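Below is one structure; the comments refer to it alone.
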Amino acid sequence: MGILCSRGVALSLLLAACGCSFEAARGTPDEKAKPKPGSCNPVLRLTADKEPAIEVTGLLAEERQALARLDWTPEQWHSLFAVYVEGNGDKAKQPPLLGVYRVGKDAIRFEPRYPLARGVSYRAVFRPEKLPGHADSNESVVEKVLLLPKRRPLAPTIVARVYPTKDELPENQLKFYLHFSAPMSVGEAYEHVRLLREDGTADATAFLELPQELWDRDGKRFTLFLDPGRVKRGLKPREDVGPILEAGKRYTLAIDRSWKDAEGNPLKESYRKTFRVLPPDESQPDPKSWKLEAPAAEAMSPLVMTSPKSLDHALLHRLLWIENDRGETMAGTIEVTKAETCWRFTPSKPWKAGRYHLVADARLEDLAGNSIGRAFEVDERRPRERERETVRVPFEVK
């Protein structure tokens with residue numbers, strides 16, 4: 001069992017979801033911190049695990065056994081052993097980190113809900129008087145600042161690519177994908193991206209700043225939405241502030257080099273993408289307009305689909321696939337090129353002669369958020385027609 005503890009930067013939703021449980025686990029022995037017979041000699045330290053944790057060693061076996069039998073609330077655990085980000089505001093008001101406590105045969109172990117960041121100092125506090133049976137002991141608080149050192153990077157992290165790759169985008173452009181060469185830090189994205197007008201001034205409300213940043217599993221791709229309230233017509237933010245982009249003008253998406261990667265190192269250099277704005281795109285992607293180049297049987301050459309308009313780069317990897325005549329999804333690799341108008345599928349095994357389908361999920365979008373099944377500029381007051389789930393485009397391998 002384990003308990004999840006509160007953290008100042010966590011959302012209230014996460015805090016509400018914290019359970020109160022407890023788990024016994026095997027700790028890491030510390031030969032240099034053995035307790036004196038009959039006494040408690042707590043020592044705080046960082047572990048050398050792949051995902052570092054913070055431990056208290058030097059407790060007596062009976063003290064650890066007593067803790068293992070308790071069913072404490074998060075607040076009770078915090079009163080005994082808490083970890084904070086050092087220098088992050090008023091110490092008296094600072095909440096402890098969210099995480100899991102475990103008691104092993106040698107230590108109490110705190111595993112943070114979010115991995116400890118390299119280059120950041122953490123303050124661990126242990127109060128021996130809160131141990132079972134120590135209420136009248138008047139033992140001193142043990143406190144230590146711990147630093148997880150940065151790894152020496154193999155190469156500085158860079159902005160590897162920004163999608164869409166076109167330098168002409170529609171006035172109702174909806175989002176950007178920022179790709180990095182290595183995993184990035186989480187929680188500071190909106191501090192390092194700006195949308196600059198032609199005169200160099202920044203639009204302070206251009207982006208939809210979500211509490212939960214949109215990263216892929218590897219932490220290398222960040223999805224950056226322009227504020228839909230200023231993109232879609234008829235909404236109050238657009239009426240009050242105006243549209244984000246205007247046709248005929250030029251803008252620059254600027255990424256600051258001070259943005260740190262997951263190891264705490266800044267980017268190698270800043271990045272800028274300058275683009276010209278075209279009139280809004282209000283047409284939906286139409287699979288009937290796609291051109292397919294079918295491969296030959298027994299070959300490993302790709303099926304090539306060409307669209308007359310650029311499509312969403314990330315969704316092209318997820319919402320477009322190939323099925324054989326038995327309805328089985330084929331394994332293979334996908335490549336998106338030519339300003340996101342060309343989709344290439346190379347199978348993992350040679351093609352067999354027969355009939356196939358290119359299958360598109362109806363949620364596949366263009367750059368302006370128009371999907372196959374629904375236009376972005378839809379009057380929400382009108383009844384909706386039932387949207388198609390997929391569209392199938394047949395082709396034959398001969």
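By convention here, the chains of the structure tokens are called A, B, ... in the order presented, each chain's residues are numbered starting at 1, and ligands are numbered starting at 1 in the order presented.
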Query raised in the report: What's the 10 Å shell around Gly242 in chain A, counting only C-alpha atoms, without same-chain residues fewer than 6 positions away, as a PyMOL selection string?
Result: chain A and resi 229-231+233+236
Closest pair table for range 228-311 of chain A residues within 10 Å of range 175-179 of chain A, only C-alpha atoms, as JSON lines:
```
{"residue": "A:Pro228", "atom": "CA", "partner": "A:Lys175", "partner_atom": "CA", "distance": 9.3}
{"residue": "A:Leu253", "atom": "CA", "partner": "A:Phe176", "partner_atom": "CA", "distance": 9.4}
{"residue": "A:Ile255", "atom": "CA", "partner": "A:Leu178", "partner_atom": "CA", "distance": 9.4}
```
Query - Leu267 in chain A surroundings by only C-alpha atoms, 10 Å radius, close-in-sequence under 4 positions cut, as an NGL selection string - result: :A and (156-159 or 180-182 or 184 or 255-261 or 271)
Those same residues, written as a PDB file, in the first residue's frame with N, CA and C atoms?
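After the write, part.pdb holds the following:
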```
ATOM      1  N   PRO A 156      23.618  19.361 -26.648  1.00  0.00           N
ATOM      2  CA  PRO A 156      22.589  20.312 -26.205  1.00  0.00           C
ATOM      3  C   PRO A 156      21.252  20.023 -26.891  1.00  0.00           C
ATOM      4  N   THR A 157      20.172  20.188 -26.144  1.00  0.00           N
ATOM      5  CA  THR A 157      18.837  19.977 -26.700  1.00  0.00           C
ATOM      6  C   THR A 157      18.472  21.125 -27.624  1.00  0.00           C
ATOM      7  N   ILE A 158      17.829  20.802 -28.731  1.00  0.00           N
ATOM      8  CA  ILE A 158      17.409  21.809 -29.699  1.00  0.00           C
ATOM      9  C   ILE A 158      15.940  21.621 -30.042  1.00  0.00           C
ATOM     10  N   VAL A 159      15.342  22.655 -30.635  1.00  0.00           N
ATOM     11  CA  VAL A 159      14.020  22.515 -31.240  1.00  0.00           C
ATOM     12  C   VAL A 159      14.247  21.821 -32.577  1.00  0.00           C
ATOM     13  N   PHE A 180      11.262  18.419 -29.874  1.00  0.00           N
ATOM     14  CA  PHE A 180      12.588  18.659 -29.311  1.00  0.00           C
ATOM     15  C   PHE A 180      13.454  17.417 -29.490  1.00  0.00           C
ATOM     16  N   SER A 181      14.753  17.619 -29.479  1.00  0.00           N
ATOM     17  CA  SER A 181      15.680  16.504 -29.692  1.00  0.00           C
ATOM     18  C   SER A 181      15.849  15.628 -28.455  1.00  0.00           C
ATOM     19  N   ALA A 182      15.395  16.088 -27.296  1.00  0.00           N
ATOM     20  CA  ALA A 182      15.500  15.330 -26.044  1.00  0.00           C
ATOM     21  C   ALA A 182      14.308  15.692 -25.163  1.00  0.00           C
ATOM     22  N   MET A 184      11.944  17.257 -22.412  1.00  0.00           N
ATOM     23  CA  MET A 184      11.957  18.605 -21.855  1.00  0.00           C
ATOM     24  C   MET A 184      11.364  18.632 -20.449  1.00  0.00           C
ATOM     25  N   ILE A 255      10.560  30.765 -29.629  1.00  0.00           N
ATOM     26  CA  ILE A 255      10.821  29.850 -28.523  1.00  0.00           C
ATOM     27  C   ILE A 255      12.136  30.264 -27.872  1.00  0.00           C
ATOM     28  N   ASP A 256      12.085  30.563 -26.594  1.00  0.00           N
ATOM     29  CA  ASP A 256      13.231  31.098 -25.852  1.00  0.00           C
ATOM     30  C   ASP A 256      14.211  29.986 -25.482  1.00  0.00           C
ATOM     31  N   ARG A 257      15.512  30.235 -25.646  1.00  0.00           N
ATOM     32  CA  ARG A 257      16.526  29.230 -25.331  1.00  0.00           C
ATOM     33  C   ARG A 257      16.633  28.946 -23.832  1.00  0.00           C
ATOM     34  N   SER A 258      16.047  29.785 -22.984  1.00  0.00           N
ATOM     35  CA  SER A 258      16.115  29.536 -21.544  1.00  0.00           C
ATOM     36  C   SER A 258      15.209  28.386 -21.103  1.00  0.00           C
ATOM     37  N   TRP A 259      14.360  27.889 -22.004  1.00  0.00           N
ATOM     38  CA  TRP A 259      13.534  26.717 -21.700  1.00  0.00           C
ATOM     39  C   TRP A 259      14.473  25.551 -21.407  1.00  0.00           C
ATOM     40  N   LYS A 260      14.288  24.881 -20.276  1.00  0.00           N
ATOM     41  CA  LYS A 260      15.200  23.824 -19.857  1.00  0.00           C
ATOM     42  C   LYS A 260      14.680  22.445 -20.249  1.00  0.00           C
ATOM     43  N   ASP A 261      15.629  21.588 -20.566  1.00  0.00           N
ATOM     44  CA  ASP A 261      15.253  20.211 -20.854  1.00  0.00           C
ATOM     45  C   ASP A 261      15.067  19.439 -19.549  1.00  0.00           C
ATOM     46  N   TYR A 271      14.623  29.618 -31.033  1.00  0.00           N
ATOM     47  CA  TYR A 271      14.059  29.165 -32.304  1.00  0.00           C
ATOM     48  C   TYR A 271      12.969  30.138 -32.733  1.00  0.00           C
TER      49      TYR A 271
END
```
Query - Residue nearest Arg221 in chain A among A:Leu174, A:Cys40, A:Ala314, A:Ala296 (counting only C-alpha atoms) - result: A:Ala314
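Using only C-alpha atoms, the protein and nucleic acid residues lying no more than 12 Å from His317 in chain A, apart from those fewer than 4 places from it along its own chain, are Leu311, Asp312, His313, Trp321, Ile322, Gly332, Thr333, Ile334, Glu335, Val336, Thr337, Glu340, Cys342, Trp343, Arg344, Phe345, Ala360, Asp361, Leu364 and Glu365 of chain A.
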For C-alpha atoms, I'd like the residues from the last selection saved as a PDB file, in the first residue's frame.
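Now in selection11.pdb:
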```
ATOM      1  CA  LEU A 311      -3.296  17.932 -42.641  1.00  0.00           C
ATOM      2  CA  ASP A 312      -2.530  17.686 -38.928  1.00  0.00           C
ATOM      3  CA  HIS A 313       0.925  16.116 -38.591  1.00  0.00           C
ATOM      4  CA  TRP A 321      -4.014   3.293 -41.428  1.00  0.00           C
ATOM      5  CA  ILE A 322      -4.167   0.400 -43.918  1.00  0.00           C
ATOM      6  CA  GLY A 332       4.353  -0.752 -41.005  1.00  0.00           C
ATOM      7  CA  THR A 333       5.959   2.659 -40.728  1.00  0.00           C
ATOM      8  CA  ILE A 334       4.498   6.055 -41.545  1.00  0.00           C
ATOM      9  CA  GLU A 335       6.271   9.079 -42.979  1.00  0.00           C
ATOM     10  CA  VAL A 336       4.673  12.502 -43.462  1.00  0.00           C
ATOM     11  CA  THR A 337       6.350  14.886 -45.918  1.00  0.00           C
ATOM     12  CA  GLU A 340       2.040  17.541 -44.398  1.00  0.00           C
ATOM     13  CA  CYS A 342       2.028  13.509 -48.399  1.00  0.00           C
ATOM     14  CA  TRP A 343       1.454  10.359 -46.302  1.00  0.00           C
ATOM     15  CA  ARG A 344       3.630   7.319 -47.008  1.00  0.00           C
ATOM     16  CA  PHE A 345       3.023   3.858 -45.532  1.00  0.00           C
ATOM     17  CA  ALA A 360      -9.248   7.457 -42.134  1.00  0.00           C
ATOM     18  CA  ASP A 361     -10.758   8.221 -38.752  1.00  0.00           C
ATOM     19  CA  LEU A 364      -8.544  13.595 -38.840  1.00  0.00           C
ATOM     20  CA  GLU A 365      -8.092  17.381 -39.093  1.00  0.00           C
TER      21      GLU A 365
END
```
Select from range 215-276 of chain A everything DSSP, run on the backbone, classes as strand (DSSP E or B), then give the selection as a short mmCIF file (atom, residue, chain, number, x, y, z; two decimals) with C-alpha atoms, in the first residue's frame.
```
data_model
loop_
_atom_site.label_atom_id
_atom_site.label_comp_id
_atom_site.auth_asym_id
_atom_site.auth_seq_id
_atom_site.Cartn_x
_atom_site.Cartn_y
_atom_site.Cartn_z
CA TRP A 215 3.24 16.40 -23.90
CA ARG A 221 6.60 16.82 -28.37
CA PHE A 222 4.55 19.70 -26.99
CA THR A 223 1.14 20.63 -28.40
CA LEU A 224 0.58 24.39 -28.37
CA PHE A 225 -2.99 25.56 -29.01
CA LEU A 226 -3.92 29.03 -30.13
CA ARG A 250 3.32 38.12 -40.92
CA TYR A 251 3.89 36.64 -37.48
CA THR A 252 6.71 34.86 -35.66
CA LEU A 253 6.45 31.96 -33.22
CA ALA A 254 9.40 32.49 -30.87
CA ILE A 255 10.82 29.85 -28.52
CA LYS A 260 15.20 23.82 -19.86
CA ASP A 261 15.25 20.21 -20.85
CA PRO A 266 18.80 25.27 -21.41
CA TYR A 271 14.06 29.17 -32.30
CA ARG A 272 11.87 31.29 -34.57
CA LYS A 273 9.27 30.34 -37.15
CA THR A 274 8.05 33.25 -39.26
CA PHE A 275 4.97 32.77 -41.44
CA ARG A 276 2.53 34.72 -43.58
#
```
Report task. Skip range 81-84 of chain A itself and residues of its chain fewer than 6 positions away, then list as a PyMOL selection string all residues within 6 Å of it, counting only C-alpha atoms. Result -> chain A and resi 96-97+122-126
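Proximity of A:Asn324, A:Asn138, A:Gln284, A:Thr47 to Lys352 in chain A, computed with only C-alpha atoms, is greatest for A:Asn324.
Of the residues listed (A:Asp90, A:Ser283, A:Pro52, A:Pro132), A:Pro132 shows the shortest atom-to-atom separation from Ala68 in chain A; distances use only C-alpha atoms.
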Query raised in the report: What lies within 12 Å of Thr390 in chain A using only C-alpha atoms, ignoring chain neighbours under 4 positions off, as a PyMOL selection string?
Result: chain A and resi 287+319-321+357-364+371-373
**Report entry** Counting only C-alpha atoms, the option among A:Asp49, A:Asp240, A:Glu263, A:Asp106 closest to Arg64 in chain A
**Finding:** A:Asp106
Query - Shell of 12 Å around Arg45 in chain A, only C-alpha atoms, local chain residues under 4 positions omitted, as a list in words - result: Thr28, Pro29, Asp30, Lys32, Ala33, Pro52, Ala53, Ile54, Glu55, Val56, Thr57, Gly58, Val83, Ala107, Ile108, Arg109, Phe110, Tyr122, Arg123, Ala124, Val125, Phe126, Val142, Glu143, Lys144, Val145, Leu146, Leu147 and Leu148 of chain A
Could you write out that same residue set with N, CA and C atoms as a PDB file, in the first residue's frame?
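Okay, this is what ended up in part_15.pdb:
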```pdb
ATOM      1  N   THR A  28      17.048   0.757   0.719  1.00  0.00           N
ATOM      2  CA  THR A  28      18.449   0.599   0.383  1.00  0.00           C
ATOM      3  C   THR A  28      19.283   0.778   1.637  1.00  0.00           C
ATOM      4  N   PRO A  29      20.083  -0.177   2.065  1.00  0.00           N
ATOM      5  CA  PRO A  29      20.830  -0.055   3.314  1.00  0.00           C
ATOM      6  C   PRO A  29      21.883   1.023   3.230  1.00  0.00           C
ATOM      7  N   ASP A  30      22.131   1.667   4.353  1.00  0.00           N
ATOM      8  CA  ASP A  30      23.167   2.689   4.452  1.00  0.00           C
ATOM      9  C   ASP A  30      24.112   2.263   5.567  1.00  0.00           C
ATOM     10  N   LYS A  32      26.815   3.417   6.573  1.00  0.00           N
ATOM     11  CA  LYS A  32      27.445   4.470   7.367  1.00  0.00           C
ATOM     12  C   LYS A  32      26.476   5.115   8.348  1.00  0.00           C
ATOM     13  N   ALA A  33      25.199   4.751   8.287  1.00  0.00           N
ATOM     14  CA  ALA A  33      24.210   5.442   9.106  1.00  0.00           C
ATOM     15  C   ALA A  33      23.464   4.478  10.019  1.00  0.00           C
ATOM     16  N   PRO A  52      15.345   8.648  -8.732  1.00  0.00           N
ATOM     17  CA  PRO A  52      15.809   8.886  -7.367  1.00  0.00           C
ATOM     18  C   PRO A  52      14.675   9.175  -6.396  1.00  0.00           C
ATOM     19  N   ALA A  53      14.850   8.681  -5.171  1.00  0.00           N
ATOM     20  CA  ALA A  53      13.917   8.924  -4.074  1.00  0.00           C
ATOM     21  C   ALA A  53      14.710   9.522  -2.917  1.00  0.00           C
ATOM     22  N   ILE A  54      14.001   9.864  -1.822  1.00  0.00           N
ATOM     23  CA  ILE A  54      14.651  10.404  -0.623  1.00  0.00           C
ATOM     24  C   ILE A  54      14.311   9.477   0.538  1.00  0.00           C
ATOM     25  N   GLU A  55      15.331   9.101   1.291  1.00  0.00           N
ATOM     26  CA  GLU A  55      15.150   8.139   2.367  1.00  0.00           C
ATOM     27  C   GLU A  55      15.608   8.703   3.711  1.00  0.00           C
ATOM     28  N   VAL A  56      15.038   8.120   4.777  1.00  0.00           N
ATOM     29  CA  VAL A  56      15.516   8.335   6.144  1.00  0.00           C
ATOM     30  C   VAL A  56      16.036   6.997   6.634  1.00  0.00           C
ATOM     31  N   THR A  57      17.319   6.937   6.935  1.00  0.00           N
ATOM     32  CA  THR A  57      17.902   5.739   7.521  1.00  0.00           C
ATOM     33  C   THR A  57      18.234   6.016   8.988  1.00  0.00           C
ATOM     34  N   GLY A  58      18.727   5.004   9.684  1.00  0.00           N
ATOM     35  CA  GLY A  58      19.163   5.187  11.060  1.00  0.00           C
ATOM     36  C   GLY A  58      18.084   5.012  12.098  1.00  0.00           C
ATOM     37  N   VAL A  83       9.033  16.577   2.214  1.00  0.00           N
ATOM     38  CA  VAL A  83      10.026  17.056   1.254  1.00  0.00           C
ATOM     39  C   VAL A  83       9.441  18.267   0.524  1.00  0.00           C
ATOM     40  N   ALA A 107      14.943   1.566   5.954  1.00  0.00           N
ATOM     41  CA  ALA A 107      14.684   3.003   5.790  1.00  0.00           C
ATOM     42  C   ALA A 107      13.214   3.283   5.551  1.00  0.00           C
ATOM     43  N   ILE A 108      12.848   4.558   5.750  1.00  0.00           N
ATOM     44  CA  ILE A 108      11.572   5.089   5.257  1.00  0.00           C
ATOM     45  C   ILE A 108      11.898   5.769   3.932  1.00  0.00           C
ATOM     46  N   ARG A 109      11.174   5.436   2.920  1.00  0.00           N
ATOM     47  CA  ARG A 109      11.476   5.909   1.566  1.00  0.00           C
ATOM     48  C   ARG A 109      10.343   6.770   1.042  1.00  0.00           C
ATOM     49  N   PHE A 110      10.681   7.967   0.540  1.00  0.00           N
ATOM     50  CA  PHE A 110       9.697   8.850  -0.095  1.00  0.00           C
ATOM     51  C   PHE A 110       9.951   8.859  -1.598  1.00  0.00           C
ATOM     52  N   TYR A 122      16.159  20.255  -3.011  1.00  0.00           N
ATOM     53  CA  TYR A 122      14.994  19.837  -2.250  1.00  0.00           C
ATOM     54  C   TYR A 122      15.350  19.834  -0.753  1.00  0.00           C
ATOM     55  N   ARG A 123      14.420  20.278   0.063  1.00  0.00           N
ATOM     56  CA  ARG A 123      14.618  20.339   1.518  1.00  0.00           C
ATOM     57  C   ARG A 123      13.811  19.216   2.162  1.00  0.00           C
ATOM     58  N   ALA A 124      14.512  18.265   2.762  1.00  0.00           N
ATOM     59  CA  ALA A 124      13.864  17.146   3.448  1.00  0.00           C
ATOM     60  C   ALA A 124      13.861  17.419   4.949  1.00  0.00           C
ATOM     61  N   VAL A 125      12.717  17.202   5.578  1.00  0.00           N
ATOM     62  CA  VAL A 125      12.554  17.470   7.008  1.00  0.00           C
ATOM     63  C   VAL A 125      12.010  16.218   7.694  1.00  0.00           C
ATOM     64  N   PHE A 126      12.717  15.770   8.747  1.00  0.00           N
ATOM     65  CA  PHE A 126      12.273  14.610   9.523  1.00  0.00           C
ATOM     66  C   PHE A 126      12.169  15.013  10.991  1.00  0.00           C
ATOM     67  N   VAL A 142      15.500  16.944  12.126  1.00  0.00           N
ATOM     68  CA  VAL A 142      16.607  16.692  11.200  1.00  0.00           C
ATOM     69  C   VAL A 142      16.207  17.271   9.844  1.00  0.00           C
ATOM     70  N   GLU A 143      17.028  18.153   9.327  1.00  0.00           N
ATOM     71  CA  GLU A 143      16.703  18.832   8.076  1.00  0.00           C
ATOM     72  C   GLU A 143      17.942  18.844   7.189  1.00  0.00           C
ATOM     73  N   LYS A 144      17.723  18.605   5.890  1.00  0.00           N
ATOM     74  CA  LYS A 144      18.859  18.574   4.973  1.00  0.00           C
ATOM     75  C   LYS A 144      18.411  19.006   3.584  1.00  0.00           C
ATOM     76  N   VAL A 145      19.238  19.832   2.920  1.00  0.00           N
ATOM     77  CA  VAL A 145      18.983  20.232   1.539  1.00  0.00           C
ATOM     78  C   VAL A 145      19.731  19.271   0.631  1.00  0.00           C
ATOM     79  N   LEU A 146      19.007  18.655  -0.284  1.00  0.00           N
ATOM     80  CA  LEU A 146      19.558  17.640  -1.183  1.00  0.00           C
ATOM     81  C   LEU A 146      19.466  18.122  -2.623  1.00  0.00           C
ATOM     82  N   LEU A 147      20.530  17.933  -3.359  1.00  0.00           N
ATOM     83  CA  LEU A 147      20.579  18.376  -4.759  1.00  0.00           C
ATOM     84  C   LEU A 147      20.838  17.183  -5.659  1.00  0.00           C
ATOM     85  N   LEU A 148      19.963  16.970  -6.622  1.00  0.00           N
ATOM     86  CA  LEU A 148      20.179  15.933  -7.626  1.00  0.00           C
ATOM     87  C   LEU A 148      20.999  16.566  -8.753  1.00  0.00           C
TER      88      LEU A 148
END
```
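The gap separating CA of Leu316 in chain A from CA of Pro243 in chain A is 27.4 Å, in Å to one decimal.
Of the listed residues (A:Met305, A:Leu98, A:Phe376, A:Ala297), A:Ala297 comes nearest to Arg355 in chain A; the distances count only C-alpha atoms.
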Query raised in the report: When DSSP works through the backbone of this structure, what residues of range 43-226 of chain A end up as helix (DSSP H, G or I), shown as a VMD selection string?
Result: chain A and resid 61 to 68 74 to 80 128 to 130 189 to 191
Query raised in the report: CA of Lys150 in chain A to CA of Asn265 in chain A: how many Å, to one decimal?
Result: 7.9 Å
